[in-house]
Amino acid sequence: MPTRSRPIYTDPDKRKSLDDLASLVADGAVIAVGGGLSSREPMALLRAILRRSITGLTVVGSAHGIDIDLLSAGGALTRSSESYVGFEQDFGMAPNYRRALESGAVKAEDSCCYTLVQQLRAAIQGLPFMPMRSVRGTSFPSLHPEYRKMVCPFTGEELLLVPAIEPDVALIHAQYGDARGNLVIQGPPVADLLFAKASRMVLATIEEIVPTSRLGELRGIHIPYFYVTAVSEVPMGAHPTACYPFYAYDRPHTELYYDAARKGADTFCAEYLDIFVHGAADHADYLAQIGGKATRARLASWSGGLEAWKQLYRDGAMA
Amino acid sequence: MPTRSRPIYTDPDKRKSLDDLASLVADGAVIAVGGGLSSREPMALLRAILRRSITGLTVVGSAHGIDIDLLSAGGALTRSSESYVGFEQDFGMAPNYRRALESGAVKAEDSCCYTLVQQLRAAIQGLPFMPMRSVRGTSFPSLHPEYRKMVCPFTGEELLLVPAIEPDVALIHAQYGDARGNLVIQGPPVADLLFAKASRMVLATIEEIVPTSRLGELRGIHIPYFYVTAVSEVPMGAHPTACYPFYAYDRPHTELYYDAARKGADTFCAEYLDIFVHGAADHADYLAQIGGKATRARLASWSGGLEAWKQLYRDGAMA
Amino acid sequence: MEAALPRRGDGVTKTCSLGEMMITALSRTIEDGTLVFHGFGSPLVQLAMHVAKRTHAPRMVLVAGATYGIDPDPPFLAPTTNDWVMDRGASSALGIEELFDLAAAGRMGRMFLSGLQIDRWGNCNVTSLGFPELKMKLPGGGGGCNLSCDAAHLTLWTTAHRALEDAKGRRRFRLADDCDFITNLGHRTKDGKLRRDLGHRGNGPQWLVTELGLFDFDDDGHMRLNALYPDTSVEDVLMNTGFKPRLASQIEIIPPPERLVVEFIRRLDPLRVHEKEIRAEDMRRRFTIA
Amino acid sequence: MEAALPRRGDGVTKTCSLGEMMITALSRTIEDGTLVFHGFGSPLVQLAMHVAKRTHAPRMVLVAGATYGIDPDPPFLAPTTNDWVMDRGASSALGIEELFDLAAAGRMGRMFLSGLQIDRWGNCNVTSLGFPELKMKLPGGGGGCNLSCDAAHLTLWTTAHRALEDAKGRRRFRLADDCDFITNLGHRTKDGKLRRDLGHRGNGPQWLVTELGLFDFDDDGHMRLNALYPDTSVEDVLMNTGFKPRLASQIEIIPPPERLVVEFIRRLDPLRVHEKEIRAEDMRRRFTIA
């Protein structure tokens with residue numbers, strides 16, 4: 001229903017627990033997961049969602065990795081409209097995601113980055129669709145019978161019309177924010193700004209909640225508070241993806257994840273899910289299990305100089 | 001022709017004289033003037049354009065004032081598609097603009113801010129049009145027979161289609177920039193970013209050209225160099241509009257302008273155009289005529305505190 | 001001079017001006033928890049939004065016109081809208097496209113609009129007198145056309161309801177029988193089509209504040225006199241309106257602002273920028289405050 | 001280890017790897033003064049763009065995939081693309097929407113794409129083997145679909161041209177007779193429609209670099225062998241291609257990189273991230289450099 005009005009959120013104090021944030025995600029919701037690839041994905045919130053056994057989710061997004069792979073393994077998904085889910089050339093294809101899609105447990109409705117952008121833009125502009133020129137001639141329209149074509153009344157050329165995508169919930173991890181819900185994202189925002197504007201709800205975990213006056217001094221992308229439904233301060237909330245300047249990508253932990261995932265669903269359940277998701281009562285427990293302060297210090301060491309940064313990413317670097 | 005490919009500009013040194021910038025504006029061009037109302041309008045470049053007796057220009061834009069009024073007085077325009085041209089409640093309606101439109105010398109094709117935004121967005125996205133919902137039911141379609149309507153294939157509702165606007169030239173005054181053409185705009189960007197992306201050429205006057213490394217440290221909107229055709233360092237280039245943090249709006253000079261304009265075309269020519277535009281050989285001459293360093297110091301005094309700032313805007317404040 | 005004003009109500013301030021009455025009436029049309037926007041050239045509305053934010057609507061999202069700053073706290077009103085003065089203290093700022101997208105997506109609760117002609121359906125003309133043959137070019141409506149369609153609710157205002165005679169003895173009605181050009185859409189189009197049949201996001205004009213009275217719009221979308229100032233009458237309104245406005249079953253008196261509100265307005269507008277909107281003959285009007 | 005590499009060509013570096021050959025071949029497809037983009041998971045292409053920028057194309061606009069940084073100068077290649085390592089030194093950065101808008105408006109000169117199936121028309125499949133019945137889910141193409149239509153020119157590449165036998169003795173051709181799914185558009189659609197009749201911005205695939213050779217596309221849009229490595233043959237290519245590629249009238253030998261280029265690559269990729277793209281059996285191949 002792209003033409004519904006979207007709400008705004010004006011509560012001056014939107015702070016909630018991580019679990020309360022997860023509880024706002026309904027079974028069957030269409031969710032947009034912020035960040036991308038190995039960077040600033042709202043991993044703690046996704047783990048909280050899995051702990052609540054939320055099911056039937058549809059994910060829409062651009063280029064993702066461990067976030068969507070984990071949701072696939074945890075049984076939360078029924079439909080994927082991502083443009084990419086994988087671990088790049090570093091580890092390869094996403095094992096849990098592949099299994100879920102190949103078994104039919106999750107329906108594959110792959111999309112492409114710009115198509116997604118245009119569909120989010122339609123929602124942001126309160127329009128039922130956006131026109132675009134690309135995609136025609138590829139196989140994507142056969143995956144998306146909802147697309148339409150039109151003949152342009154100005155030029156006579158054929159255009160593709162893609163319907164608005166208005167996610168029920170955007171899940172975003174930001175470096176900084178305040179209690180009112182203003183967010184500051186540093187570094188590549190990926191599609192987070194589009195998600196925040198297009199979605200009916202925005203749930204944000206925040207590395208560090210600071211006074212509003214402090215936000216004004218920070219560089220980066222500012223997301224105004226009225227888009228944001230609820231926030232929770234969750235340090236290391238993107239782990240094992242990066243959340244610079246706080247911490248780099250935890251490649252050894254990701255390798256551990258990947259090795260477990262490659263061995264099959266049961267092994268992954270036993271060696272990863274039952275330990276780091278269901279085996280951890282909450283985020284504090286998770287942080288203890290991944291190595292507590294030592295891990296945090298290791299991942300923060302990138303700022304010590306190029307050699308330290310490089311060291312984090314060497315093959316065989318220790319977790 | 002909204003579907004032409006737009007060029008990019010990669011010359012590592014794009015610095016030119018102000019007059020060379022003006023020489024790139026062809027008679028009959030569609031131009032987009034940056035800034036708005038009393039803020040960051042590229043006034044020095046507009047004066048240079050008038051000195052070159054460029055004619056037949058069409059202006060597209062949102063809320064403007066002395067910039068478009070001056071172009072009207074100088075005989076450069078034949079068509080206006082602005083959404084507002086005036087001096088707000090402070091001085092009132094734009095005298096030269098009114099005369100030019102009421103006499104028929106300039107054709108009135110008024111538009112509205114969001115309509116303009118959508119038309120620029122179409123150009124930016126390489127599309128022939130953008131859909132929108134508003135405008136229908138007002139009198140604007142009678143001014144714009146080029147608009148089309150369609151029935152939405154998704155919802156059955158009626159939508160308006162507005163064609164792409166791809167200005168030939170965007171004229172922008174930025175606070176900072178580098179020789180390569182990277183620009184930094186501080187404070188409200190108005191439509192400048194949209195203009196920069198939608199136009200075939202971007203001509204930028206810059207308050208202070210700095211090394212590229214310095215730009216990285218500056219807050220604000222960054223316009224990447226490849227959109228920008230040529231730049232010129234022109235201190236006080238927005239005068240008499242504001243270019244914070246360098247200088248505030250010169251309200252007394254604007255009053256002088258307005259009083260001359262109100263008295264009629266001939267008086268305006270004698271009392272303003274012949275002195276500040278055609279009477280000044282170049283920008284340095286203009287700066288001398290408006291009071292040189294003393295004026296610059298007066299307009300920079302806003303940063304001295306609230307009382308100083310307020311003082312600049314009191315009725316009867318001295319130029 | 002403004003520095004001498006008491007910062008707290010100590011009984012010194014006993015009357016207010018028409019501008020202050022209108023600002024207060026405009027502010028009362030704002031609901032808490034909604035996103036509200038003003039355009040440029042509207043100091044009465046700027047002040048009304050700041051009054052609302054500091055009184056009954058602390059959770060309104062105040063978006064300043066021209067700067068698009070969110071919840072700014074300007075130290076004083078500047079004579080032009082797009083001045084850095086006006087977005088001091090803003091927690092962030094929108095781009096022009098984002099502001100209008102918010103309205104198009106149904107997220108803008110209220111916008112304030114005016115016109116040099118306003119008809120019984122709340123249509124406004126800010127484009128030209130005479131159309132298609134242009135008699136007088138008006139400055140244009142900015143984004144008003146778009147927002148008149150998209151914003152959930154509209155408050156209209158004018159400080160020139162009274163139809164004065166011009167040099168030739170003609171009276172030109174601001175509240176006009178017909179708009180030469182519809183810049184901002186009211187409840188019915190020129191050809192009688194109903195707004196609600198156009199599928200716009202917005203519900204159209206809800207209030208009109210003039211220097212003679214306060215109007216709402218009835219179920220037909222027709223302008224209806226709702227309240228008067230202590231010093232205006234129904235006859236004043238009828239004599240100065242180019243059509244016959246409907247009358248509410250009971251015509252109220254617009255309540256004056258509280259003293260703290262008046263003092264707040266005077267502190268926020270030490271340059272008396274908003275008085276540029278008020279006609280000379282209305283500057284003399286004074287109203288007793290509570 | 002990389003610190004021991006000479007910073008200037010002093011004659012120590014006498015050979016290069018297949019990866020370095022491919023990087024060089026990819027870099028030669030870039031024209032100066034154009035805007036060029038790479039996606040994620042493409043270290044060979046990342047390196048090729050940096051090589052081009054520092055050799056024959058100093059004025060290229062280098063847009064880094066995932067970060068969308070403009071002309072970054074990363075201190076080393078990180079194992080994933082969206083790492084802050086990768087946009088160090090960028091003069092600014094684009095948003096995701098702006099990057100794709102640039103392509104849609106015809107401003108992107110070149111994009112690099114790959115596929116797990118690539119057919120004779122340059123169509124690529126990165127979505128799934130088997131369609132609509134899914135046999136193997138592939139990771140997806142990111143924005144490749146859109147850019148394959150919009151970017152002015154495409155360079156394709158793959159490091160798995162050689163069709164190895166799997167455990168069951170089947171050979172699956174990377175250069176396949178037919179793509180199960182067209183993720184990225186080549187010169188003809190599945191039903192034989194010509195790209196040029198679709199009205200896209202882009203002109204489609206211009207080059208294909210594989211570990212066996214260099215291909216271009218002829219006037220029909222058909223893949224054509226253009227050059228070989230010093231250690232590969234036409235027969236290698238024919239045996240490992242699922243269709244019959246056309247052959248240029250003269251098949252050249254791909255020239256090796258200059259020594260400075262090889263040294264630059266080794267400095268920029270001390271973690272040897274790009275070798276993750278190279279198959280084990282191709283790691284042994286060495287080429288004499290100038």
# chains A, B, ... in the order shown; residues from 1 in each chain; ligands from 1
>>> interface_residues(of="chain C", to="chain B", cutoff="8 Å", atoms="only C-alpha atoms", output="ChimeraX atom specification")
/C:40-42,66-68,75-76,78-84,93,95-97,100,104,127,134-147,149-150,181-185,189-190,193,195,198-200,271,273,276-277
>>> closest_atom_pairs(of="chain B", to="chain A", cutoff="10 Å", atoms="only C-alpha atoms", output="CSV")
residue,atom,partner,partner_atom,distance
B:Met1,CA,A:Thr155,CA,9.2
B:Pro2,CA,A:Thr155,CA,9.2
B:Thr3,CA,A:Thr155,CA,8.7
B:Gln118,CA,A:Gln125,CA,9.9
B:Ala122,CA,A:Pro131,CA,9.5
B:Gln125,CA,A:Met132,CA,8.3
B:Gly126,CA,A:Arg133,CA,8.5
B:Leu127,CA,A:Met132,CA,6.9
B:Pro128,CA,A:Phe154,CA,6.8
B:Phe129,CA,A:Phe154,CA,7.7
B:Met130,CA,A:Pro131,CA,7.5
B:Pro131,CA,A:Met130,CA,7.5
B:Met132,CA,A:Leu127,CA,6.9
B:Arg133,CA,A:Leu127,CA,7.5
B:Glu146,CA,A:Phe154,CA,8.6
B:Tyr147,CA,A:Phe154,CA,9.2
B:Arg148,CA,A:Pro153,CA,7.4
B:Lys149,CA,A:Pro153,CA,9.1
B:Met150,CA,A:Pro153,CA,9.1
B:Cys152,CA,A:Pro128,CA,7.6
B:Pro153,CA,A:Arg148,CA,7.4
B:Phe154,CA,A:Pro128,CA,6.8
B:Thr155,CA,A:Pro128,CA,7.0
B:Gly156,CA,A:Pro128,CA,9.8
B:Glu157,CA,A:Pro128,CA,9.2
B:Leu159,CA,A:Leu127,CA,8.9
B:Leu161,CA,A:Pro153,CA,8.9
B:Val162,CA,A:Phe154,CA,9.4
B:Pro163,CA,A:Phe154,CA,7.4
B:Ala164,CA,A:Phe154,CA,9.7
B:Glu217,CA,A:Arg219,CA,9.5
B:Leu218,CA,A:Arg219,CA,9.2
B:Arg219,CA,A:Arg219,CA,6.8
B:Gly220,CA,A:Arg219,CA,8.9
>>> select_by_dssp(residues="range 61-176 of chain A", states="alpha helix (DSSP H)", output="PyMOL selection string")
chain A and resi 66-73+88-91+95-102+113-124+140-143
>>> write_last_selection(atoms="N, CA, C and O atoms", output="tab-separated table (two decimals), in the first residue's frame")
chain	number	residue	atom	x	y	z
A	66	ILE	N	26.63	-11.23	6.25
A	66	ILE	CA	26.38	-12.06	7.42
A	66	ILE	C	25.01	-11.77	8.04
A	66	ILE	O	24.40	-12.65	8.65
A	67	ASP	N	24.50	-10.56	7.87
A	67	ASP	CA	23.20	-10.20	8.46
A	67	ASP	C	22.07	-11.07	7.91
A	67	ASP	O	21.33	-11.71	8.65
A	68	ILE	N	21.99	-11.10	6.59
A	68	ILE	CA	20.89	-11.85	5.95
A	68	ILE	C	21.17	-13.35	6.05
A	68	ILE	O	20.24	-14.16	6.19
A	69	ASP	N	22.44	-13.71	5.99
A	69	ASP	CA	22.78	-15.12	6.13
A	69	ASP	C	22.35	-15.63	7.52
A	69	ASP	O	21.79	-16.72	7.64
A	70	LEU	N	22.57	-14.82	8.54
A	70	LEU	CA	22.19	-15.21	9.89
A	70	LEU	C	20.67	-15.31	10.04
A	70	LEU	O	20.15	-16.26	10.65
A	71	LEU	N	19.96	-14.33	9.49
A	71	LEU	CA	18.49	-14.39	9.55
A	71	LEU	C	17.98	-15.64	8.84
A	71	LEU	O	16.99	-16.25	9.28
A	72	SER	N	18.64	-16.01	7.73
A	72	SER	CA	18.24	-17.22	6.99
A	72	SER	C	18.42	-18.45	7.87
A	72	SER	O	17.54	-19.33	7.93
A	73	ALA	N	19.58	-18.50	8.55
A	73	ALA	CA	19.87	-19.66	9.38
A	73	ALA	C	18.90	-19.74	10.55
A	73	ALA	O	18.52	-20.83	11.00
A	88	GLU	N	31.68	-11.72	-0.44
A	88	GLU	CA	32.60	-11.26	-1.48
A	88	GLU	C	33.59	-12.37	-1.83
A	88	GLU	O	33.31	-13.55	-1.62
A	89	GLN	N	34.73	-11.97	-2.39
A	89	GLN	CA	35.72	-13.00	-2.74
A	89	GLN	C	36.40	-13.55	-1.50
A	89	GLN	O	37.10	-14.55	-1.56
A	90	ASP	N	36.20	-12.87	-0.35
A	90	ASP	CA	36.98	-13.23	0.83
A	90	ASP	C	36.63	-14.63	1.32
A	90	ASP	O	37.51	-15.45	1.55
A	91	PHE	N	35.32	-14.87	1.53
A	91	PHE	CA	34.92	-16.22	1.92
A	91	PHE	C	34.01	-16.88	0.88
A	91	PHE	O	33.92	-18.09	0.81
A	95	PRO	N	26.48	-19.39	2.92
A	95	PRO	CA	26.02	-20.79	3.00
A	95	PRO	C	24.59	-20.94	3.51
A	95	PRO	O	23.81	-21.72	2.94
A	96	ASN	N	24.24	-20.25	4.57
A	96	ASN	CA	22.89	-20.42	5.13
A	96	ASN	C	21.83	-19.83	4.20
A	96	ASN	O	20.74	-20.39	4.06
A	97	TYR	N	22.17	-18.71	3.62
A	97	TYR	CA	21.26	-18.07	2.67
A	97	TYR	C	20.99	-18.99	1.49
A	97	TYR	O	19.84	-19.23	1.11
A	98	ARG	N	22.08	-19.56	0.94
A	98	ARG	CA	21.92	-20.49	-0.19
A	98	ARG	C	21.04	-21.66	0.18
A	98	ARG	O	20.12	-22.02	-0.57
A	99	ARG	N	21.31	-22.25	1.32
A	99	ARG	CA	20.50	-23.42	1.72
A	99	ARG	C	19.03	-23.06	1.84
A	99	ARG	O	18.16	-23.79	1.38
A	100	ALA	N	18.77	-21.91	2.47
A	100	ALA	CA	17.38	-21.50	2.70
A	100	ALA	C	16.66	-21.26	1.37
A	100	ALA	O	15.49	-21.59	1.21
A	101	LEU	N	17.37	-20.69	0.42
A	101	LEU	CA	16.74	-20.41	-0.86
A	101	LEU	C	16.65	-21.65	-1.72
A	101	LEU	O	15.64	-21.87	-2.41
A	102	GLU	N	17.68	-22.48	-1.68
A	102	GLU	CA	17.67	-23.69	-2.52
A	102	GLU	C	16.65	-24.70	-2.02
A	102	GLU	O	16.08	-25.47	-2.80
A	113	CYS	N	20.24	-2.98	-7.10
A	113	CYS	CA	20.40	-1.80	-6.25
A	113	CYS	C	19.58	-0.60	-6.71
A	113	CYS	O	18.89	0.04	-5.91
A	114	TYR	N	19.67	-0.26	-7.97
A	114	TYR	CA	18.99	0.96	-8.42
A	114	TYR	C	17.48	0.75	-8.47
A	114	TYR	O	16.71	1.68	-8.22
A	115	THR	N	17.06	-0.45	-8.78
A	115	THR	CA	15.63	-0.75	-8.75
A	115	THR	C	15.11	-0.51	-7.34
A	115	THR	O	14.07	0.14	-7.14
A	116	LEU	N	15.84	-1.03	-6.36
A	116	LEU	CA	15.48	-0.80	-4.96
A	116	LEU	C	15.46	0.70	-4.64
A	116	LEU	O	14.52	1.20	-4.02
A	117	VAL	N	16.50	1.41	-5.07
A	117	VAL	CA	16.55	2.86	-4.82
A	117	VAL	C	15.29	3.53	-5.38
A	117	VAL	O	14.64	4.33	-4.70
A	118	GLN	N	14.94	3.19	-6.60
A	118	GLN	CA	13.77	3.83	-7.21
A	118	GLN	C	12.49	3.46	-6.48
A	118	GLN	O	11.58	4.28	-6.32
A	119	GLN	N	12.41	2.22	-6.01
A	119	GLN	CA	11.19	1.80	-5.30
A	119	GLN	C	11.09	2.48	-3.94
A	119	GLN	O	10.01	2.85	-3.50
A	120	LEU	N	12.23	2.67	-3.27
A	120	LEU	CA	12.22	3.40	-2.00
A	120	LEU	C	11.91	4.87	-2.24
A	120	LEU	O	11.17	5.50	-1.49
A	121	ARG	N	12.48	5.41	-3.32
A	121	ARG	CA	12.18	6.81	-3.64
A	121	ARG	C	10.69	7.02	-3.88
A	121	ARG	O	10.13	8.05	-3.49
A	122	ALA	N	10.05	6.09	-4.53
A	122	ALA	CA	8.60	6.22	-4.73
A	122	ALA	C	7.90	6.31	-3.39
A	122	ALA	O	7.05	7.19	-3.17
A	123	ALA	N	8.27	5.45	-2.46
A	123	ALA	CA	7.65	5.50	-1.12
A	123	ALA	C	7.94	6.84	-0.45
A	123	ALA	O	7.06	7.45	0.15
A	124	ILE	N	9.18	7.29	-0.56
A	124	ILE	CA	9.58	8.54	0.09
A	124	ILE	C	8.79	9.72	-0.47
A	124	ILE	O	8.44	10.65	0.25
A	140	PHE	N	15.04	-10.10	-14.74
A	140	PHE	CA	14.39	-9.66	-13.49
A	140	PHE	C	12.87	-9.49	-13.60
A	140	PHE	O	12.14	-9.83	-12.66
A	141	PRO	N	12.36	-8.95	-14.71
A	141	PRO	CA	10.90	-8.82	-14.77
A	141	PRO	C	10.17	-10.16	-14.60
A	141	PRO	O	9.05	-10.19	-14.09
A	142	SER	N	10.81	-11.28	-14.96
A	142	SER	CA	10.13	-12.57	-14.78
A	142	SER	C	10.06	-12.95	-13.31
A	142	SER	O	9.22	-13.75	-12.90
A	143	LEU	N	10.95	-12.38	-12.48
A	143	LEU	CA	10.87	-12.58	-11.02
A	143	LEU	C	9.90	-11.60	-10.39
A	143	LEU	O	9.52	-11.78	-9.23
>>> select_by_dssp(residues="range 56-277 of chain B", states="strand (DSSP E or B)", output="PyMOL selection string")
chain B and resi 57-64+77-87+92-93+107-108+129-132+148-151+158-163+169-177+183-185+201-209+221-223+230-233+242-243+247
>>> atom_distance(atom1="CA of Ala317 in chain A", atom2="CA of Pro270 in chain D")
14.6 Å
>>> residues_around(residues="Ala280 in chain A", least_positions_apart="4", cutoff="12 Å", atoms="only C-alpha atoms", output="list in words")
Ala44, Arg47, Ala48, Leu50, Arg51, Tyr272, Leu273, Asp274, Ile275, Phe276, Ala284, Asp285, Tyr286, Leu287, Ala288, Gln289 and Ile290 of chain A
>>> write_last_selection(atoms="all heavy atoms", output="short mmCIF file (atom, residue, chain, number, x, y, z; two decimals), in the first residue's frame")
data_model
loop_
_atom_site.label_atom_id
_atom_site.label_comp_id
_atom_site.auth_asym_id
_atom_site.auth_seq_id
_atom_site.Cartn_x
_atom_site.Cartn_y
_atom_site.Cartn_z
N ALA A 44 23.37 -6.90 16.50
CA ALA A 44 22.83 -7.19 17.83
C ALA A 44 21.29 -7.21 17.77
O ALA A 44 20.65 -8.07 18.39
CB ALA A 44 23.30 -6.14 18.84
N ARG A 47 20.20 -10.44 16.17
CA ARG A 47 20.27 -11.56 17.12
C ARG A 47 19.09 -11.50 18.10
O ARG A 47 18.50 -12.54 18.44
CB ARG A 47 21.62 -11.52 17.86
CG ARG A 47 22.81 -11.95 16.99
CD ARG A 47 24.12 -12.04 17.77
NE ARG A 47 24.60 -10.74 18.18
CZ ARG A 47 25.51 -10.00 17.52
NH1 ARG A 47 26.06 -10.46 16.39
NH2 ARG A 47 25.88 -8.83 17.97
N ALA A 48 18.74 -10.29 18.54
CA ALA A 48 17.58 -10.15 19.45
C ALA A 48 16.29 -10.59 18.78
O ALA A 48 15.42 -11.20 19.40
CB ALA A 48 17.48 -8.71 19.94
N LEU A 50 16.11 -12.89 16.44
CA LEU A 50 16.14 -14.36 16.37
C LEU A 50 15.80 -14.97 17.73
O LEU A 50 15.10 -15.98 17.80
CB LEU A 50 17.51 -14.85 15.89
CG LEU A 50 17.86 -14.55 14.43
CD1 LEU A 50 19.23 -15.11 14.08
CD2 LEU A 50 16.79 -15.09 13.47
N ARG A 51 16.28 -14.33 18.80
CA ARG A 51 15.97 -14.85 20.14
C ARG A 51 14.47 -14.81 20.43
O ARG A 51 13.96 -15.62 21.17
CB ARG A 51 16.71 -14.03 21.21
CG ARG A 51 18.18 -14.36 21.31
CD ARG A 51 18.84 -13.61 22.47
NE ARG A 51 20.26 -13.52 22.19
CZ ARG A 51 20.92 -12.39 21.92
NH1 ARG A 51 20.29 -11.24 21.94
NH2 ARG A 51 22.20 -12.44 21.63
N TYR A 272 27.31 -22.40 16.12
CA TYR A 272 27.21 -20.94 16.12
C TYR A 272 25.92 -20.43 16.78
O TYR A 272 25.95 -19.76 17.80
CB TYR A 272 27.36 -20.36 14.71
CG TYR A 272 27.63 -18.87 14.78
CD1 TYR A 272 28.93 -18.38 14.82
CD2 TYR A 272 26.58 -17.96 14.85
CE1 TYR A 272 29.18 -17.01 14.95
CE2 TYR A 272 26.82 -16.59 14.97
CZ TYR A 272 28.11 -16.12 15.01
OH TYR A 272 28.37 -14.79 15.14
N LEU A 273 24.79 -20.80 16.20
CA LEU A 273 23.50 -20.27 16.69
C LEU A 273 23.29 -20.57 18.17
O LEU A 273 22.91 -19.68 18.93
CB LEU A 273 22.34 -20.89 15.90
CG LEU A 273 21.94 -20.25 14.58
CD1 LEU A 273 20.71 -20.99 14.02
CD2 LEU A 273 21.64 -18.77 14.73
N ASP A 274 23.53 -21.81 18.54
CA ASP A 274 23.27 -22.20 19.93
C ASP A 274 24.25 -21.56 20.91
O ASP A 274 24.01 -21.57 22.12
CB ASP A 274 23.34 -23.73 20.09
CG ASP A 274 22.11 -24.39 19.49
OD1 ASP A 274 21.16 -23.65 19.12
OD2 ASP A 274 22.09 -25.63 19.37
N ILE A 275 25.33 -21.04 20.39
CA ILE A 275 26.30 -20.38 21.26
C ILE A 275 26.09 -18.87 21.26
O ILE A 275 25.81 -18.26 22.28
CB ILE A 275 27.74 -20.73 20.83
CG1 ILE A 275 27.95 -22.24 20.96
CG2 ILE A 275 28.76 -19.94 21.66
CD1 ILE A 275 29.22 -22.76 20.32
N PHE A 276 26.19 -18.28 20.07
CA PHE A 276 26.26 -16.82 20.02
C PHE A 276 24.89 -16.15 19.94
O PHE A 276 24.76 -14.96 20.20
CB PHE A 276 27.12 -16.38 18.83
CG PHE A 276 28.57 -16.78 18.97
CD1 PHE A 276 29.08 -17.87 18.28
CD2 PHE A 276 29.40 -16.08 19.83
CE1 PHE A 276 30.41 -18.23 18.42
CE2 PHE A 276 30.73 -16.44 19.99
CZ PHE A 276 31.24 -17.53 19.28
N ALA A 284 24.98 -8.36 26.34
CA ALA A 284 26.11 -8.38 27.27
C ALA A 284 26.74 -9.77 27.30
O ALA A 284 27.97 -9.92 27.26
CB ALA A 284 25.64 -7.97 28.67
N ASP A 285 25.89 -10.76 27.33
CA ASP A 285 26.35 -12.14 27.26
C ASP A 285 27.12 -12.42 25.98
O ASP A 285 28.17 -13.08 25.98
CB ASP A 285 25.12 -13.07 27.27
CG ASP A 285 25.09 -13.95 28.49
OD1 ASP A 285 25.52 -13.47 29.57
OD2 ASP A 285 24.61 -15.10 28.38
N TYR A 286 26.58 -11.93 24.87
CA TYR A 286 27.24 -12.10 23.57
C TYR A 286 28.63 -11.49 23.60
O TYR A 286 29.61 -12.10 23.17
CB TYR A 286 26.39 -11.47 22.46
CG TYR A 286 27.07 -11.43 21.12
CD1 TYR A 286 27.05 -12.53 20.26
CD2 TYR A 286 27.74 -10.28 20.68
CE1 TYR A 286 27.68 -12.49 19.02
CE2 TYR A 286 28.37 -10.23 19.44
CZ TYR A 286 28.33 -11.34 18.62
OH TYR A 286 28.95 -11.31 17.39
N LEU A 287 28.71 -10.28 24.14
CA LEU A 287 30.01 -9.60 24.18
C LEU A 287 31.01 -10.39 25.01
O LEU A 287 32.19 -10.48 24.65
CB LEU A 287 29.85 -8.17 24.73
CG LEU A 287 29.10 -7.19 23.82
CD1 LEU A 287 29.06 -5.80 24.45
CD2 LEU A 287 29.72 -7.13 22.42
N ALA A 288 30.54 -10.98 26.08
CA ALA A 288 31.43 -11.80 26.89
C ALA A 288 31.91 -13.00 26.08
O ALA A 288 33.10 -13.36 26.10
CB ALA A 288 30.71 -12.25 28.17
N GLN A 289 30.98 -13.60 25.33
CA GLN A 289 31.34 -14.81 24.59
C GLN A 289 32.30 -14.55 23.44
O GLN A 289 33.07 -15.43 23.05
CB GLN A 289 30.08 -15.49 24.06
CG GLN A 289 29.27 -16.07 25.22
CD GLN A 289 28.18 -16.98 24.72
OE1 GLN A 289 28.12 -17.30 23.55
NE2 GLN A 289 27.32 -17.41 25.62
N ILE A 290 32.25 -13.38 22.87
CA ILE A 290 33.17 -13.13 21.75
C ILE A 290 34.52 -12.63 22.26
O ILE A 290 35.41 -12.31 21.46
CB ILE A 290 32.62 -12.10 20.74
CG1 ILE A 290 32.35 -10.75 21.42
CG2 ILE A 290 31.36 -12.64 20.05
CD1 ILE A 290 32.24 -9.59 20.46
#
>>> residues_around(residues="Thr229 in chain B", least_positions_apart="4", cutoff="12 Å", atoms="only C-alpha atoms", output="ChimeraX atom specification")
/B:6-16,20-21,24-25,168-172,179-183,196-197,199-205,224-225
>>> residues_around(residues="range 214-229 of chain C", least_positions_apart="6", cutoff="6 Å", atoms="only C-alpha atoms", output="list in words")
Arg120, Trp121, His187, Gln206, Trp207, Leu208, Pro245, Arg246, Leu247, Ala248, Ile251, Glu252, Ile253 and Ile254 of chain C
>>> closest_residue(among="D:Asp71, D:Glu263, D:Asp180, D:Glu31", to="Val12 in chain D", atoms="only C-alpha atoms")
D:Glu263
>>> atom_distance(atom1="CA of Ile118 in chain C", atom2="CA of Leu18 in chain C")
20.6 Å
>>> atom_distance(atom1="CA of Asp73 in chain C", atom2="CA of Phe246 in chain B")
21.9 Å
